[in-house]
Amino acid sequence: MKKFTGGWFGKLLRINLTDRTSRVEEIDPALLYKFVGGAALGAKILYDEVSPGSDPLGSENRLIFTVGPLTGTEAPCASRLNVATKSPLNNALGNALSGGYFPVEMKWAGFDGIVVEGKASEPVYVLIKDDAVEIRKAGRYWGLNTQDTQMYLKEDLNDHNIRIACIGPAGENLSLISCIINECRAVARKGVGAVMGSKNLKAIAVRGSKKVPIADQKKFKEATKEFLRYLKENELVYPVFAQTGTSLAVGATSALGFFPAKNWQDTGVEDLAPSLDSNAFAQYKQTRNPCYRCPIACSQVRMAKKGRYAGVSTEGPEYETIYSLGSVVGIKDPAFIIAADRLCDELGLDSISAGVTVAMAMELYERGIFTATEGLDLRFGNQEETLAFLRMMAYKEGFAKLFADGTKRAGQAIGNGAEYYAMEVKGLELPAYDVRGAKAHGLNLATAYPGADHNKGYAPQEVFGIPIPYPVKRLEIKGKGILAKWNQDFSGCFDIPTFCEFPILLALIPVAQKVTADFLSAATGYEFTEQGVWHLGERLYNLCRMFNVREGFSRKDDYLPRRLMEEPIKDGLSKGEVISQHDLDFMLDEYYEARGWDKNGIPTPAKLQELGLEDTIQDLPPGR
Amino acid sequence: MPRVMIRGVSFFQEIMESREIEMEVRGGSTVESLLAELDSTFGGRLSKRLYNEDGSINNKVRVFLNGRDICFLGGKSVPLSEGDIILLLPILAGG
């Protein structure tokens with residue numbers, strides 16, 4: 001295959017922490033064309049390098065940082081980073097994404113990917129300045145929270161513009177609900193922080209000075225202009241989304257009766273929008289903090305200005321965190337949510353999983369199933385106790401150790417029916433949509449390869465009424481298998497090139513594949529088509545499914561928590577809704593058929609062949 | 001006369017100057033007649049957001065009746081009953 005003429009550098013930095021070496025490898029152009037970048041390139045490398053059955057917290061696991069051909073270019077909204085690893089939560093393929101500036105510096109250092117392998121014998125950090133790579137001792141930073149780590153490392157390096165991805169105490173203590181933080185942005189979910197901690201890797205600091213080549217500048221500028229035109233024409237992007245960020249969504253999901261409350265017991269009982277929507281947070285706003293070359297700047301910096309949290313600021317809280325540290329733990333105080341969000345960022349805890357785990361503990365406490373909380377009054381709504389419990393989980397102190405690895409493990413350890421109150425799929429805690437009121441969204445949570453990840457197949461048709469590819473009835477199950485596949489394969493437009501999902505879904509959804517294809521073609525010099533972009537998403541999904549199949553996953557793992565299948569939503573505009581086992585089975589059958597998988601959720605050889613994943617056919621279970 | 005609730009999100013909330021408004025409507029009222037009445041209260045600002053020039057509903061907003069998109073209930077002419085909840089929702093994204 002002829003070499004690309006832009007977009008990628010074609011370089012992979014491999015860091016072996018066991019022998020403290022690094023080397024730069026060329027990436028096969030054919031591999032780049034097929035998997036492009038971000039989530040797909042990371043998944044491909046992981047698939048090839050991590051053998052089935054290996055320990056996710058062992059030295060064989062990889063931590064793979066990938067960007068895309070558009071990262072660090074003048075393309076708007078493209079500064080995204082993917083981290084791929086074998087998830088210690090569930091042995092599934094865990095892809096976690098984040099924005100910010102780290103992805104840009106990494107790209108400017110000349111790398112499309114960084115693979116971290118092995119395990120250091122003592123805490124270390126990696127310093128990357130273009131081609132110069134050093135593995136340095138990190139003892140003086142070990143134990144520091146993520147914000148202090150970044151501050152002191154920048155001071156010590158005398159470089160305040162160096163970009164740092166690091167872990168906090170939660171990752172160091174191998175909490176499986178820990179994350180990686182760059183600035184205040186989280187590469188979160190799937191236990192990626194614990195994998196980094198297991199390698200004794202405190203941080204990666206990166207600075208780059210290379211300019212990303214563009215194959216066809218004229219076409220690239222045209223694609224940029226087109227992208228920006230769609231943003232400007234959308235009256236929700238400006239000024240609404242820019243001024244409120246994702247907190248805007250509380251108004252919609254609460255009004256439609258599927259904003260979860262109190263560990264999903266009380267969804268719909270109260271319209272929480274007056275307490276927790278973007279208007280409720282307006283008085284706390286300080287400023288906005290955009291990602292690189294993002295003209296929207298949806299990230300809101302907010303600060304508590306009076307009361308017991310006065311002076312505490314955070315970048316956020318996002319919609320998800322308003323749920324996980326607000327409604328689902330029975331708290332309606334924006335100032336508290338700001339403080340708790342900040343605490344999670346500092347500790348390096350995934351705020352979604354951490355909050356949902358607190359909510360489970362609260363329900364177990366109130367029901368008398370688990371009361372050995374060492375005097376901590378864990379009733380819903382208790383603020384100081386929530387903050388204390390978050391800290392205890394990050395440090396695995398006392399009884400909190402039972403909960404520090406998320407709800408599934410807590411349920412198994414406690415027993416006595418506690419498992420029922422674990423709101424998880426494949427061990428990953430549920431995000432902020434009570435899917436009893438949004439069925440395709442529910443099917444996505446059941447089937448998404450990392451577990452309950454809303455961003456791996458978001459159903460905007462149900463959550464916000466977006467009528468593309470067609471209007472759907474959110475409470476019906478028929479047709480949702482096909483729709484879930486459509487939404488999941490849509491990720492070819494954002495998680496791979498890499499673009500941010502928000503502008504794509506808000507303003508570009510009718511033309512997303514074309515715009516993405518135009519950008520990729522102009523950047524790389526290869527030809528990408530709309531259909532090809534669809535295939536990128538489908539290939540990603542099948543590759544990740546095969547990773548999981550190789551680990552023993554099948555239909556049995558595509559489940560929803562029993563509460564959602566047995567307890568109807570109590571009140572509101574989704575009152576009475578459940579997703580019964582029958583409903584889920586119906587949707588799964590339709591979904592597997594749409595995917596070209598068998599009844600057990602295993603991809604067929606024909607489908608894998610069609611997607612150019614022939615290499616994975618040998619990993620199918622015997623008899624297929 | 002039946003009483004209904006109108007709930008607005010984002011710019012609809014701003015136009016209505018409230019998240020919720022409760023109204024009494026005449027018997028035989030429809031979603032369309034209710035929205036027309038509401039629009040006159042707010043100086044025509046609601047209809048600018050709701051409708052295209054040809055009177056069809058703008059594809060950037062959705063209108064729900066009791067949590068169901070009215071495009072599946074026969075459109076704007078769907079009749080109203082006591083206790084109905086109408087939701088005006090701009091198409092959003094985020095999460």
# chains A, B, ... in the order shown; residues from 1 in each chain; ligands from 1

call {"tool": "interface_residues", "arguments": {"of": "chain B", "to": "chain A", "cutoff": "8 Å", "atoms": "only C-alpha atoms", "output": "list in words"}}
result
Arg7, Val9, Ser10, Phe11, Arg19, Asn59, Lys60, Arg62, Asn66, Gly67, Arg68, Asp69, Phe72, Leu87, Leu89, Pro90, Ile91, Leu92, Ala93, Gly94 and Gly95 of chain B

call {"tool": "residues_around", "arguments": {"residues": "B:Leu34", "least_positions_apart": "3", "cutoff": "12 Å", "atoms": "only C-alpha atoms", "output": "VMD selection string"}}
result
chain B and resid 2 to 6 21 to 31 37 to 41 46 to 47 65 76 to 81 84 to 86

call {"tool": "write_last_selection", "arguments": {"atoms": "C-alpha atoms", "output": "compact mmCIF listing (two decimals), in the first residue's frame"}}
result
# COMPACT_ATOMS: atom_id res chain seq x y z
CA PRO B 2 -59.72 20.50 31.32
CA ARG B 3 -56.48 21.60 32.94
CA VAL B 4 -53.19 20.76 31.26
CA MET B 5 -49.55 21.34 32.09
CA ILE B 6 -47.01 22.75 29.63
CA ILE B 21 -47.32 26.54 33.18
CA GLU B 22 -50.70 25.14 34.06
CA MET B 23 -53.58 26.19 31.82
CA GLU B 24 -57.28 25.62 31.48
CA VAL B 25 -58.30 24.81 27.93
CA ARG B 26 -61.67 24.71 26.25
CA GLY B 27 -63.25 21.35 25.50
CA GLY B 28 -62.14 20.09 22.09
CA SER B 29 -58.75 21.80 22.33
CA THR B 30 -55.82 20.26 20.55
CA VAL B 31 -52.07 20.55 21.00
CA GLU B 37 -52.98 30.32 22.67
CA LEU B 38 -49.69 30.08 24.48
CA ASP B 39 -47.90 31.72 21.58
CA SER B 40 -50.12 34.77 21.71
CA THR B 41 -49.30 35.10 25.42
CA LEU B 46 -42.91 30.35 20.77
CA SER B 47 -44.08 29.74 17.21
CA LEU B 65 -47.80 14.65 24.93
CA LYS B 76 -50.56 18.76 16.20
CA SER B 77 -54.26 17.93 15.92
CA VAL B 78 -54.16 15.42 18.78
CA PRO B 79 -56.93 16.36 21.27
CA LEU B 80 -56.21 17.28 24.88
CA SER B 81 -57.66 15.77 28.02
CA ASP B 84 -52.28 16.08 30.04
CA ILE B 85 -48.63 17.13 30.14
CA ILE B 86 -47.13 18.77 27.05

call {"tool": "residues_around", "arguments": {"residues": "stretch 543-547 of chain A", "least_positions_apart": "4", "cutoff": "9 Å", "atoms": "only C-alpha atoms", "output": "list in words"}}
result
Ala40, Ala43, Lys44, Leu46, Tyr47, Pro52, Ala92, Leu93, Gly94, Ala448, Tyr449, Pro450, Glu538, Arg539, Glu551, Phe553, Ser554, Gly601, Ile602, Pro603, Leu608, Leu613, Thr616, Ile617, Asp619 and Leu620 of chain A

call {"tool": "residues_around", "arguments": {"residues": "A:Trp486", "least_positions_apart": "4", "cutoff": "12 Å", "atoms": "only C-alpha atoms", "output": "PyMOL selection string"}}
result
chain A and resi 440-441+444+456-461+468-470+479-482+490-493+534-535+537-538+541+591+594-595

call {"tool": "select_by_dssp", "arguments": {"residues": "stretch 74-233 of chain A", "states": "helix (DSSP H, G or I)", "output": "MDAnalysis selection string"}}
result
chainID A and resid 102:108 146:157 169:172 192:198 217:233

call {"tool": "residues_around", "arguments": {"residues": "stretch 165-178 of chain A", "least_positions_apart": "2", "cutoff": "8 Å", "atoms": "only C-alpha atoms", "output": "PyMOL selection string"}}
result
chain A and resi 88-89+102+142-146+149-150+163+180-183+188-198+200+202-205+346-350+353-354+393-396+404-406
